[in-house]
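Chemist: I'd like to ask you about the structure that follows.
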Amino acid sequence: MACPDVQNTGKEMQRLVRELYPICRSITGNGVRETLKALSNHIPLEIREVASGTRVFDWTVPKEWNIKRAYVKDPEGQEILDFQRSNLHVLNYSIPIDKTVSLEELREHLYSVPEHPDWIPYRTSYYKENWGFCLTHNQLQGLSTGEYEVLIDASLEDGYLTYGEYCLKGESDREILISAHICHPSLANDNLSGIALAVFLAKSLKELSLRYSYRFLLIPGTIGSITWLSLNETEAFRIKHGLVLTCVGDPGKVTYKKSRRGDTEIDRAVTQVLRDSGDPFEIREFSPYGYDERQFCSPGFNLPVGCFMRTSHGEFPEYHTSADDLSFVRPECLADSFLKCQAVLRILEQNKIYVTLNPKCEPQLGKRGLYGQIGGQADGKLRELAMLWVLNLSDGNHSLLDIAEKSGLEFRMIRNAAEALMQHDLLAESIP
Amino acid sequence: MACPDVQNTGKEMQRLVRELYPICRSITGNGVRETLKALSNHIPLEIREVASGTRVFDWTVPKEWNIKRAYVKDPEGQEILDFQRSNLHVLNYSIPIDKTVSLEELREHLYSVPEHPDWIPYRTSYYKENWGFCLTHNQLQGLSTGEYEVLIDASLEDGYLTYGEYCLKGESDREILISAHICHPSLANDNLSGIALAVFLAKSLKELSLRYSYRFLLIPGTIGSITWLSLNETEAFRIKHGLVLTCVGDPGKVTYKKSRRGDTEIDRAVTQVLRDSGDPFEIREFSPYGYDERQFCSPGFNLPVGCFMRTSHGEFPEYHTSADDLSFVRPECLADSFLKCQAVLRILEQNKIYVTLNPKCEPQLGKRGLYGQIGGQADGKLRELAMLWVLNLSDGNHSLLDIAEKSGLEFRMIRNAAEALMQHDLLAESIP
Amino acid sequence: MACPDVQNTGKEMQRLVRELYPICRSITGNGVRETLKALSNHIPLEIREVASGTRVFDWTVPKEWNIKRAYVKDPEGQEILDFQRSNLHVLNYSIPIDKTVSLEELREHLYSVPEHPDWIPYRTSYYKENWGFCLTHNQLQGLSTGEYEVLIDASLEDGYLTYGEYCLKGESDREILISAHICHPSLANDNLSGIALAVFLAKSLKELSLRYSYRFLLIPGTIGSITWLSLNETEAFRIKHGLVLTCVGDPGKVTYKKSRRGDTEIDRAVTQVLRDSGDPFEIREFSPYGYDERQFCSPGFNLPVGCFMRTSHGEFPEYHTSADDLSFVRPECLADSFLKCQAVLRILEQNKIYVTLNPKCEPQLGKRGLYGQIGGQADGKLRELAMLWVLNLSDGNHSLLDIAEKSGLEFRMIRNAAEALMQHDLLAESIP
């Protein structure tokens with residue numbers, strides 16, 4: 001069970017999710033700016049603006065989208081859909097429109113979820129100009145024939161793509177990347193939970209003395225990572241470990257999708273944390289479908305970046321609908337994701353190679369007070385076993401994580417054993 | 001379900017099996033010549049004759065065996081066994097005999113199958129001179145004491161070993177070998193089904209533009225492959241992939257025995273086809289017992305040749321008995337084997353390495369019409385997923401077959417995705 | 001089932017266990033000397049004495065412990081614990097004591113096993129000076145308050161650490177190590193069974209012509225192997241294969257703990273023997289907790305030494321108690337362990353690499369009488385199959401053990417096939 005302090009963190013994360021929930025975000029525009037401004041109250045975020053039309057690899061930074069209001073009025077002049085009530089009602093990135101259309105024409109621009117007739121779907125049209133509305137299937141089926149007045153008071157004009165970046169300097173300039181997407185409107189698990197987790201991880205690191213440097217990216221999905229990679233093509237190769245965070249607040253078990261390489265330290269560190277936790281979890285091989293790990297793991301970068309989730313996108317029915325709301329994301333699940341990611345970062349910080357200073361035969365632990373004094377008992381204690389593992393495998397070829405994996409013991413125990421042995425001059429850090 | 005065209009192929013294959021069934025084949029002699037002549041109506045077979053006594057590695061080409069007639073007459077002078085009724089009645093490669101013997105002596109030369117008292121077994125004595133008859137166990141048990149007249153009007157004399165070879169030239173002189181044995185008399189699945197499959201594969205390739213050259217061998221088992229390898233010791237190393245075909249017409253699931261190396265492209269291509277098929281199948285490790293893959297995979301050659309079967313030799317009760325007859329081999333099973341081998345050859349022809357021309361981040365598929373336009377739907381379509389896999393793994397190190405294996409998608413889908421990407425200049429063939 | 005001869009060996013081993021059982025052994029002292037003297041009746045053991053105070057790596061050879069008598073008298077002057085009745089009653093390596101103590105003080109020096117109230121535990125205090133008694137939990141609970149007279153007439157003085165060594169010279173000076181610990185008092189399975197097995201293996205090798213040299217070590221646990229390794233630091237690297245023997249007389253299944261490297265020939269030879277046996281068994285990965293393999297497998301040595309046991313230490317309730325007595329160790333189990341270790345040594349002696357003299361195609365086994373003469377039978381016999389495997393894999397890269405593993409056939413069959421092929425000049429030993 002999480003300690004009171006962590007319960008508190010879960011509630012604070014939930015509070016941040018609630019604060020950001022009403023904002024109508026998209027891949028560009030004021031929704032993103034407003035979101036990043038709110039996050040700046042928590043961490044000293046640098047806000048970047050990249051002009052529309054900028055070439056970023058095979059892509060072009062798109063126009064900036066902003067929306068003031070939108071509605072549909074029925075033949076009786078009744079406002080039946082209103083952007084103010086839910087920003088999901090408007091096809092995200094919709095072009096402006098102001099006209100009267102027949103029900104037939106309107107229907108071609110309406111989106112619903114027949115399987116869940118009470119939910120509003122979330123739909124986008126980024127790269128093809130289009131207009132549209134999303135609504136519940138019940139409402140869709142109740143529409144009567146006649147003329148409808150549709151208004152989308154939006155602008156799609158040259159402007160900027162906006163993202164936030166926060167760099168925390170450690171001993172080394174080798175980096176750990178934490179990335180979350182910030183381009184979805186009122187969706188709580190997909191987007192806001194990941195943002196909250198990234199921000200609270202950043203806050204928790206601020207006061208620590210760190211071995212690695214950390215880079216937090218809060219970016220619109222796909223085009224954001226492509227833009228960042230294009231602008232930081234060389235810089236990107238400093239990233240030694242990375243996590244994309246998404247859908248981390250639902251009550252499902254943790255799912256981790258491995259990096260393209262599949263055997264990197266981040267992959268093994270996450271696996272170790274999940275194994276140590278005793279909770280159910282699932283490890284998946286890399287696939288080129290998902291979030292921004294697709295770009296970080298494109299073959300020309302092939303960075304060691306995995307994706308940390310609870311229930312994976314598309315595998316919970318609430319995904320990309322109005323049901324992915326504030327009630328779907330729970331403080332205790334946010335807190336659990338936070339604790340697990342913290343443990344992953346702790347492993348990365350602590351995972352070094354040590355060498356035993358007594359390679360030939362075991363050193364005598366007893367005379368140093370490190371070993372039980374009355375022999376002959378049926379089994380050594382786990383703490384002593386951890387010391388024996390560390391001594392046996394610290395031959396310059398095994399890191400602490402290697403030893404945890406081989407021994408089946410928790411990383412924490414292995415790390416503590418190494419500490420104790422170092423205090424007694426039985427172990428030393430290996431010179432790389 | 002097979003399309004009408006393939007159903008037709010199955011029936012034509014069955015027709016060929018029926019045509020060849022009555023011929024009394026052995027490892028040498030006119031039965032083989034007659035068989036090869038019949039096959040020449042389908043493909044332009046080159047017929048080779050190698051003289052008895054020729055040294056082929058540790059072996060010697062044996063004498064030529066021919067048989068005119070054979071019978072056994074009982075003490076009453078009744079003809080109780082007649083070679084005309086079934087060529088299985090005579091021990092294959094039997095020396096000539098013409099004498100009267102007691103039942104006791106006769107019994108030492110009679111073979112039956114007690115577990116299946118109505119079936120005639122198939123027995124041979126190639127490398128030790130002997131005479132004998134095969135009969136049903138029921139008949140064996142009904143024999144009364146007395147003098148029996150036995151006649152085998154056969155000749156075992158210097159002559160030739162005969163085999164057929166058909167070479168189809170492709171772009172490259174690297175070869176795909178297809179081999180089947182032609183040394184069994186009236187056995188339909190063991191021998192004739194493999195011959196029919198080899199011939200119809202050859203026919204189906206004739207009009208295609210081919211990357212590889214193909215070599216079809218129709219040879220007596222063991223001594224035939226040893227002879228061919230001995231006469232083509234250097235040539236043999238052109239073989240880059242190979243299949244021995246046998247027992248491919250029974251209704252059992254497909255069984256594939258891997259090459260000695262165990263991880264060659266042919267092994268992986270067959271596995272992929274069988275997996276893609278959705279039908280049950282079995283993959284076995286190499287073992288040095290079986291058909292001519294034993295010789296192709298002997299350590300001095302170690303060629304990448306596997307064995308494609310349905311039910312493996314010795315694992316169906318009809319094996320090497322009169323029950324392996326025309327009713328045991330079914331046109332739809334022959335057609336299924338044909339389709340699967342064709343798919344294997346298609347993979348070998350199409351399995352190349354490509355490189356993405358946009359290694360850094362994904363290219364924008366949407367602007368090229370390669371991607372769904374309305375985003376936010378729960379899951380990308382398989383076709384799009386296949387494109388993402390091809391783009392992500394086409395780094396110069398992964399062939400299309402590698403990508404199919406890693407993605408779990410059908411080879412056909414991966415191949416189609418590569419085609420589409422090439423048409424949009426997103427992918428190019430890797431220069432080897 | 002074991003043959004009469006082996007049943008006899010089991011009984012002789014049991015006789016040796018019985019002879020050694022009453023002796024009060026410890027890591028040093030006359031108990032060890034007496035034990036080694038008894039073993040000298042079986043094998044020409046060299047007895048080594050290493051002075052107390054000698055530095056051996058991180059350790060120091062401890063003082064010599066000898067004990068004459070020990071008792072506890074209750075408040076009524078009744079002798080309630082007597083060393084003569086069981087040497088387990090005295091905390092092994094206890095300092096001398098002769099005083100009167102209250103029940104409260106006494107209790108701090110008493111050890112029992114609450115879960116088995118009738119058993120006396122075995123406890124030691126080698127590296128911290130202490131005194132104590134072990135007794136049944138029933139007896140402990142019956143003690144009444146009052147003054148107790150305790151006497152341990154023992155000496156802990158500078159002297160020697162004693163161990164036995166027996167070297168058997170083979171063709172090569174590469175060695176096989178067999179090691180057993182000799183430091184436990186009246187414990188039959190843990191200690192005496194391993195000693196008996198080592199001695200009888202040594203006896204069984206004496207008359208054989210051997211490829212390897214053999215070194216048998218009969219040493220006190222931990223400090224003994226550390227001492228030997230320290231005195232033989234260079235010599236140790238002659239050890240090419242090794243087994244620590246312990247707990248080999250109980251009726252449990254054989255358990256083998258692999259060497260630290262995990263894939264050495266000894267690991268594979270033991271696995272093969274256990275698989276060939278058809279009996280249940282268990283193979284475990286190396287862990288740095290157990291017997292003297294901990295020292296042989298310390299990273300500075302990393303010798304290919306595994307641990308051969310039946311039920312592992314600490315996994316049978318009788319472990320380190322008075323219930324590990326003569327009835328717990330059974331002659332048929334000792335004999336089974338003996339046979340299996342003998343088979344392991346046989347594999348090591350016989351496991352060579354051969355090369356086929358006919359690498360291209362199979363040689364003709366039939367003309368040499370090595371193959372069944374009537375072909376066409378449903379399956380070749382195992383003996384013939386073993387010959388085909390040996391011929392196919394004897395390419396200079398596969399040892400007989402490799403071939404046994406790949407074929408799934410018993411090592412014995414593979415070895416016999418190789419013999420037969422060599423007799424017919426079809427196979428030759430590979431020049432290393």
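Just remember, in the structure tokens the first chain shown is A, the second B, etc., residues are 1-based per chain, and ligands are 1-based in the order shown.
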Name the residues of segment 109-205 of chain C that fall into alpha helix (DSSP H) according to DSSP on the backbone, using the chain letters and numbers of this document, as an mmCIF file with N, CA, C and O atoms, in the first residue's frame.

Modeler:
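states_19.cif, written as the output of this step:
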data_model
loop_
_atom_site.group_PDB
_atom_site.id
_atom_site.type_symbol
_atom_site.label_atom_id
_atom_site.label_comp_id
_atom_site.auth_asym_id
_atom_site.auth_seq_id
_atom_site.Cartn_x
_atom_site.Cartn_y
_atom_site.Cartn_z
ATOM 1 N N HIS C 137 13.248 -30.280 21.988
ATOM 2 C CA HIS C 137 12.384 -29.217 22.498
ATOM 3 C C HIS C 137 11.575 -29.718 23.688
ATOM 4 O O HIS C 137 11.320 -28.974 24.643
ATOM 5 N N ASN C 138 11.203 -30.991 23.676
ATOM 6 C CA ASN C 138 10.487 -31.569 24.814
ATOM 7 C C ASN C 138 11.304 -31.435 26.097
ATOM 8 O O ASN C 138 10.787 -31.052 27.152
ATOM 9 N N GLN C 139 12.588 -31.765 25.975
ATOM 10 C CA GLN C 139 13.438 -31.705 27.161
ATOM 11 C C GLN C 139 13.590 -30.258 27.638
ATOM 12 O O GLN C 139 13.506 -29.982 28.837
ATOM 13 N N LEU C 140 13.750 -29.365 26.651
ATOM 14 C CA LEU C 140 13.919 -27.954 26.989
ATOM 15 C C LEU C 140 12.735 -27.444 27.793
ATOM 16 O O LEU C 140 12.880 -26.734 28.796
ATOM 17 N N GLN C 141 11.553 -27.847 27.337
ATOM 18 C CA GLN C 141 10.348 -27.340 28.003
ATOM 19 C C GLN C 141 10.135 -27.936 29.386
ATOM 20 O O GLN C 141 9.415 -27.385 30.204
ATOM 21 N N GLY C 194 28.271 -38.256 1.339
ATOM 22 C CA GLY C 194 29.171 -37.696 0.324
ATOM 23 C C GLY C 194 30.567 -38.264 0.440
ATOM 24 O O GLY C 194 31.224 -38.564 -0.562
ATOM 25 N N ILE C 195 31.034 -38.426 1.688
ATOM 26 C CA ILE C 195 32.362 -39.021 1.912
ATOM 27 C C ILE C 195 32.400 -40.431 1.336
ATOM 28 O O ILE C 195 33.321 -40.802 0.601
ATOM 29 N N ALA C 196 31.358 -41.211 1.666
ATOM 30 C CA ALA C 196 31.325 -42.604 1.194
ATOM 31 C C ALA C 196 31.298 -42.651 -0.336
ATOM 32 O O ALA C 196 31.988 -43.472 -0.958
ATOM 33 N N LEU C 197 30.533 -41.759 -0.945
ATOM 34 C CA LEU C 197 30.441 -41.762 -2.407
ATOM 35 C C LEU C 197 31.795 -41.405 -3.028
ATOM 36 O O LEU C 197 32.254 -42.062 -3.975
ATOM 37 N N ALA C 198 32.455 -40.398 -2.467
ATOM 38 C CA ALA C 198 33.763 -40.002 -3.003
ATOM 39 C C ALA C 198 34.740 -41.179 -2.902
ATOM 40 O O ALA C 198 35.462 -41.494 -3.862
ATOM 41 N N VAL C 199 34.758 -41.849 -1.753
ATOM 42 C CA VAL C 199 35.703 -42.936 -1.533
ATOM 43 C C VAL C 199 35.431 -44.098 -2.485
ATOM 44 O O VAL C 199 36.353 -44.661 -3.088
ATOM 45 N N PHE C 200 34.168 -44.446 -2.659
ATOM 46 C CA PHE C 200 33.864 -45.592 -3.526
ATOM 47 C C PHE C 200 34.052 -45.257 -5.004
ATOM 48 O O PHE C 200 34.387 -46.128 -5.809
ATOM 49 N N LEU C 201 33.855 -44.005 -5.379
ATOM 50 C CA LEU C 201 34.201 -43.617 -6.756
ATOM 51 C C LEU C 201 35.705 -43.746 -6.968
ATOM 52 O O LEU C 201 36.162 -44.268 -7.997
ATOM 53 N N ALA C 202 36.476 -43.291 -5.974
ATOM 54 C CA ALA C 202 37.938 -43.383 -6.082
ATOM 55 C C ALA C 202 38.364 -44.837 -6.227
ATOM 56 O O ALA C 202 39.194 -45.182 -7.083
ATOM 57 N N LYS C 203 37.770 -45.709 -5.410
ATOM 58 C CA LYS C 203 38.110 -47.136 -5.483
ATOM 59 C C LYS C 203 37.787 -47.714 -6.855
ATOM 60 O O LYS C 203 38.519 -48.521 -7.402
ATOM 61 N N SER C 204 36.650 -47.294 -7.420
ATOM 62 C CA SER C 204 36.203 -47.885 -8.689
ATOM 63 C C SER C 204 37.067 -47.420 -9.860
ATOM 64 O O SER C 204 37.069 -48.046 -10.924
ATOM 65 N N LEU C 205 37.784 -46.302 -9.682
ATOM 66 C CA LEU C 205 38.605 -45.782 -10.777
ATOM 67 C C LEU C 205 39.995 -46.393 -10.785
ATOM 68 O O LEU C 205 40.695 -46.373 -11.806
#

Chemist: Could the residues of chain C within 12 Å of chain B, counting only C-alpha atoms, be given as number ranges by chain, please?

Modeler: C: 355-369, 371-382, 384-398, 403, 406-409, 426

Chemist: Pull N, CA and C atoms from the residues just selected and write them as a compact mmCIF listing (two decimals), in the first residue's frame.

Modeler:
# COMPACT_ATOMS: atom_id res chain seq x y z
N VAL C 355 35.55 -37.51 -36.36
CA VAL C 355 35.19 -37.02 -37.70
C VAL C 355 34.85 -38.20 -38.61
N THR C 356 33.78 -38.00 -39.37
CA THR C 356 33.41 -39.03 -40.33
C THR C 356 34.45 -39.04 -41.45
N LEU C 357 34.79 -40.21 -41.92
CA LEU C 357 35.76 -40.31 -43.00
C LEU C 357 35.05 -40.29 -44.35
N ASN C 358 33.71 -40.22 -44.34
CA ASN C 358 32.91 -40.09 -45.56
C ASN C 358 31.97 -38.90 -45.42
N PRO C 359 32.51 -37.68 -45.44
CA PRO C 359 31.62 -36.55 -45.17
C PRO C 359 30.58 -36.31 -46.25
N LYS C 360 30.87 -36.74 -47.47
CA LYS C 360 29.93 -36.48 -48.56
C LYS C 360 29.01 -37.68 -48.76
N CYS C 361 27.76 -37.52 -48.43
CA CYS C 361 26.75 -38.58 -48.43
C CYS C 361 27.08 -39.62 -47.36
N GLU C 362 26.05 -40.40 -47.03
CA GLU C 362 26.26 -41.45 -46.04
C GLU C 362 27.17 -42.53 -46.61
N PRO C 363 28.01 -43.14 -45.78
CA PRO C 363 28.70 -44.35 -46.24
C PRO C 363 27.67 -45.49 -46.31
N GLN C 364 28.00 -46.52 -47.08
CA GLN C 364 27.06 -47.63 -47.22
C GLN C 364 27.21 -48.60 -46.05
N LEU C 365 26.35 -48.45 -45.07
CA LEU C 365 26.45 -49.28 -43.87
C LEU C 365 26.14 -50.74 -44.17
N GLY C 366 25.19 -50.96 -45.13
CA GLY C 366 24.74 -52.32 -45.42
C GLY C 366 25.88 -53.24 -45.84
N LYS C 367 26.76 -52.77 -46.71
CA LYS C 367 27.81 -53.66 -47.21
C LYS C 367 28.81 -54.01 -46.12
N ARG C 368 28.78 -53.29 -45.01
CA ARG C 368 29.66 -53.59 -43.88
C ARG C 368 28.94 -54.36 -42.77
N GLY C 369 27.69 -54.77 -43.06
CA GLY C 369 26.94 -55.52 -42.06
C GLY C 369 26.44 -54.66 -40.91
N TYR C 371 23.87 -52.57 -41.12
CA TYR C 371 22.53 -52.06 -41.37
C TYR C 371 21.60 -53.24 -41.64
N GLY C 372 20.33 -53.09 -41.25
CA GLY C 372 19.33 -54.11 -41.52
C GLY C 372 19.30 -54.44 -43.01
N GLN C 373 19.11 -55.69 -43.34
CA GLN C 373 19.24 -56.12 -44.73
C GLN C 373 17.93 -56.06 -45.50
N ILE C 374 16.82 -56.28 -44.83
CA ILE C 374 15.52 -56.19 -45.51
C ILE C 374 15.00 -54.78 -45.33
N GLY C 375 15.04 -53.99 -46.37
CA GLY C 375 14.60 -52.59 -46.29
C GLY C 375 13.10 -52.49 -46.26
N GLY C 376 12.62 -51.27 -46.19
CA GLY C 376 11.18 -51.02 -46.31
C GLY C 376 10.43 -51.19 -45.01
N GLN C 377 11.11 -51.58 -43.94
CA GLN C 377 10.39 -51.69 -42.68
C GLN C 377 10.10 -50.31 -42.12
N ALA C 378 9.07 -50.25 -41.29
CA ALA C 378 8.51 -48.96 -40.92
C ALA C 378 9.53 -48.03 -40.26
N ASP C 379 10.47 -48.57 -39.50
CA ASP C 379 11.39 -47.65 -38.84
C ASP C 379 12.73 -48.34 -38.60
N GLY C 380 13.80 -47.60 -38.79
CA GLY C 380 15.12 -48.14 -38.52
C GLY C 380 15.25 -48.40 -37.04
N LYS C 381 16.14 -49.27 -36.70
CA LYS C 381 16.31 -49.54 -35.27
C LYS C 381 17.15 -48.43 -34.65
N LEU C 382 17.02 -48.30 -33.34
CA LEU C 382 17.72 -47.23 -32.62
C LEU C 382 19.24 -47.29 -32.82
N GLU C 384 20.87 -48.33 -35.41
CA GLU C 384 21.19 -47.77 -36.72
C GLU C 384 21.02 -46.25 -36.72
N LEU C 385 20.00 -45.81 -36.04
CA LEU C 385 19.75 -44.37 -35.96
C LEU C 385 20.93 -43.68 -35.27
N ALA C 386 21.44 -44.31 -34.23
CA ALA C 386 22.59 -43.74 -33.53
C ALA C 386 23.79 -43.63 -34.47
N MET C 387 23.99 -44.62 -35.32
CA MET C 387 25.10 -44.54 -36.29
C MET C 387 24.89 -43.40 -37.26
N LEU C 388 23.67 -43.22 -37.73
CA LEU C 388 23.38 -42.12 -38.67
C LEU C 388 23.63 -40.77 -38.02
N TRP C 389 23.25 -40.64 -36.74
CA TRP C 389 23.49 -39.38 -36.04
C TRP C 389 24.99 -39.11 -35.90
N VAL C 390 25.72 -40.15 -35.51
CA VAL C 390 27.17 -39.96 -35.33
C VAL C 390 27.80 -39.57 -36.66
N LEU C 391 27.41 -40.24 -37.73
CA LEU C 391 27.99 -39.92 -39.04
C LEU C 391 27.61 -38.50 -39.47
N ASN C 392 26.37 -38.14 -39.24
CA ASN C 392 25.91 -36.83 -39.73
C ASN C 392 26.54 -35.69 -38.96
N LEU C 393 26.75 -35.86 -37.66
CA LEU C 393 27.24 -34.74 -36.85
C LEU C 393 28.75 -34.77 -36.58
N SER C 394 29.40 -35.85 -36.95
CA SER C 394 30.85 -35.90 -36.70
C SER C 394 31.59 -35.13 -37.79
N ASP C 395 31.46 -33.82 -37.71
CA ASP C 395 32.06 -32.91 -38.69
C ASP C 395 33.21 -32.13 -38.06
N GLY C 396 33.66 -32.57 -36.91
CA GLY C 396 34.75 -31.87 -36.23
C GLY C 396 34.26 -30.80 -35.27
N ASN C 397 32.95 -30.55 -35.28
CA ASN C 397 32.40 -29.54 -34.38
C ASN C 397 31.52 -30.11 -33.28
N HIS C 398 31.23 -31.39 -33.33
CA HIS C 398 30.30 -31.97 -32.35
C HIS C 398 30.98 -33.11 -31.61
N ILE C 403 26.21 -34.85 -29.71
CA ILE C 403 25.38 -35.71 -30.56
C ILE C 403 24.27 -36.36 -29.74
N LYS C 406 21.65 -33.66 -29.16
CA LYS C 406 20.87 -33.31 -30.36
C LYS C 406 19.94 -34.44 -30.78
N SER C 407 20.40 -35.66 -30.63
CA SER C 407 19.62 -36.80 -31.12
C SER C 407 18.55 -37.22 -30.12
N GLY C 408 18.75 -36.87 -28.85
CA GLY C 408 17.83 -37.36 -27.84
C GLY C 408 18.09 -38.82 -27.47
N LEU C 409 19.13 -39.40 -28.02
CA LEU C 409 19.47 -40.79 -27.69
C LEU C 409 20.38 -40.85 -26.48
N LEU C 426 35.12 -46.01 -40.50
CA LEU C 426 34.22 -44.96 -41.01
C LEU C 426 34.35 -43.68 -40.19

Chemist: Could you pull out all residues of segment 266-344 of chain B with a DSSP call of strand (DSSP E) and give them as a short mmCIF file (atom, residue, chain, number, x, y, z; two decimals) with C-alpha atoms, in the first residue's frame?

Modeler:
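The resulting file, part24.cif, is shown below:
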data_model
loop_
_atom_site.label_atom_id
_atom_site.label_comp_id
_atom_site.auth_asym_id
_atom_site.auth_seq_id
_atom_site.Cartn_x
_atom_site.Cartn_y
_atom_site.Cartn_z
CA PHE B 281 1.05 -28.09 -39.02
CA GLU B 282 4.16 -29.46 -37.41
CA ILE B 283 7.78 -28.37 -37.69
CA ARG B 284 10.45 -30.91 -36.79
CA VAL B 305 17.39 -28.69 -47.88
CA GLY B 306 14.35 -29.61 -45.81
CA CYS B 307 11.66 -32.23 -46.28
CA PHE B 308 8.06 -31.27 -46.99
CA MET B 309 5.50 -33.95 -46.11
#

Chemist: Excluding Arg330 of chain C and any residue of its chain fewer than 2 positions from it, enumerate the residues within 10 Å of it, using only C-alpha atoms, and give them as an mmCIF file with N, CA and C atoms, in the first residue's frame.

Modeler:
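Output (around.cif):
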data_model
loop_
_atom_site.group_PDB
_atom_site.id
_atom_site.type_symbol
_atom_site.label_atom_id
_atom_site.label_comp_id
_atom_site.auth_asym_id
_atom_site.auth_seq_id
_atom_site.Cartn_x
_atom_site.Cartn_y
_atom_site.Cartn_z
ATOM 1 N N GLY C 10 26.370 -50.518 -2.535
ATOM 2 C CA GLY C 10 25.497 -49.724 -1.671
ATOM 3 C C GLY C 10 25.631 -50.137 -0.214
ATOM 4 N N LYS C 11 25.698 -51.443 -0.002
ATOM 5 C CA LYS C 11 25.827 -51.925 1.387
ATOM 6 C C LYS C 11 27.185 -51.584 1.984
ATOM 7 N N MET C 13 29.009 -49.017 1.159
ATOM 8 C CA MET C 13 29.004 -47.576 1.425
ATOM 9 C C MET C 13 28.273 -47.308 2.747
ATOM 10 N N GLN C 14 27.152 -47.974 2.924
ATOM 11 C CA GLN C 14 26.368 -47.825 4.149
ATOM 12 C C GLN C 14 27.211 -48.264 5.362
ATOM 13 N N ASN C 189 23.444 -38.151 6.244
ATOM 14 C CA ASN C 189 23.276 -37.775 4.839
ATOM 15 C C ASN C 189 24.162 -36.569 4.506
ATOM 16 N N SER C 193 27.385 -39.417 3.722
ATOM 17 C CA SER C 193 27.017 -40.028 2.435
ATOM 18 C C SER C 193 27.947 -39.534 1.332
ATOM 19 N N VAL C 248 23.765 -37.485 -0.526
ATOM 20 C CA VAL C 248 23.555 -38.393 -1.655
ATOM 21 C C VAL C 248 22.983 -39.751 -1.235
ATOM 22 N N GLY C 249 22.477 -39.849 0.017
ATOM 23 C CA GLY C 249 21.996 -41.147 0.484
ATOM 24 C C GLY C 249 20.518 -41.197 0.819
ATOM 25 N N ASP C 250 19.818 -40.069 0.723
ATOM 26 C CA ASP C 250 18.390 -40.060 1.068
ATOM 27 C C ASP C 250 17.555 -40.522 -0.123
ATOM 28 N N PRO C 251 16.300 -40.858 0.121
ATOM 29 C CA PRO C 251 15.499 -41.427 -0.981
ATOM 30 C C PRO C 251 14.947 -40.394 -1.963
ATOM 31 N N LEU C 326 21.447 -42.842 10.760
ATOM 32 C CA LEU C 326 21.786 -43.986 9.905
ATOM 33 C C LEU C 326 20.575 -44.547 9.170
ATOM 34 N N SER C 327 19.377 -44.372 9.750
ATOM 35 C CA SER C 327 18.201 -44.926 9.077
ATOM 36 C C SER C 327 17.756 -44.038 7.905
ATOM 37 N N PHE C 328 18.234 -42.801 7.901
ATOM 38 C CA PHE C 328 17.803 -41.873 6.844
ATOM 39 C C PHE C 328 18.555 -42.117 5.530
ATOM 40 N N GLU C 332 20.381 -48.521 -1.139
ATOM 41 C CA GLU C 332 20.003 -48.481 -2.565
ATOM 42 C C GLU C 332 20.105 -47.067 -3.119
ATOM 43 N N CYS C 333 19.956 -46.076 -2.221
ATOM 44 C CA CYS C 333 20.084 -44.687 -2.694
ATOM 45 C C CYS C 333 21.555 -44.320 -2.853
ATOM 46 N N LEU C 334 22.379 -44.776 -1.923
ATOM 47 C CA LEU C 334 23.822 -44.582 -2.068
ATOM 48 C C LEU C 334 24.295 -45.231 -3.366
ATOM 49 N N ALA C 335 23.799 -46.445 -3.636
ATOM 50 C CA ALA C 335 24.216 -47.171 -4.845
ATOM 51 C C ALA C 335 23.765 -46.428 -6.091
ATOM 52 N N ASP C 336 22.551 -45.884 -6.049
ATOM 53 C CA ASP C 336 22.044 -45.144 -7.208
ATOM 54 C C ASP C 336 22.898 -43.891 -7.462
#

Chemist: Using only C-alpha atoms, which residues sit within 8 Å of Asp279 of chain C once same-chain residues fewer than 4 positions away are excluded, as a CSV table (one decimal) with N, CA, C and O atoms, in the first residue's frame?

Modeler:
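Below you can see result.csv, which holds the result:
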chain,number,residue,atom,x,y,z
C,253,LYS,N,14.8,-37.6,-5.1
C,253,LYS,CA,15.3,-37.6,-6.5
C,253,LYS,C,16.7,-36.8,-6.5
C,253,LYS,O,17.0,-36.0,-5.7
C,274,LEU,N,21.3,-37.9,-16.0
C,274,LEU,CA,20.0,-37.9,-15.4
C,274,LEU,C,18.9,-38.2,-16.4
C,274,LEU,O,17.9,-38.9,-16.1
C,275,ARG,N,19.0,-37.6,-17.5
C,275,ARG,CA,18.0,-37.8,-18.6
C,275,ARG,C,18.0,-39.2,-19.0
C,275,ARG,O,16.9,-39.8,-19.1
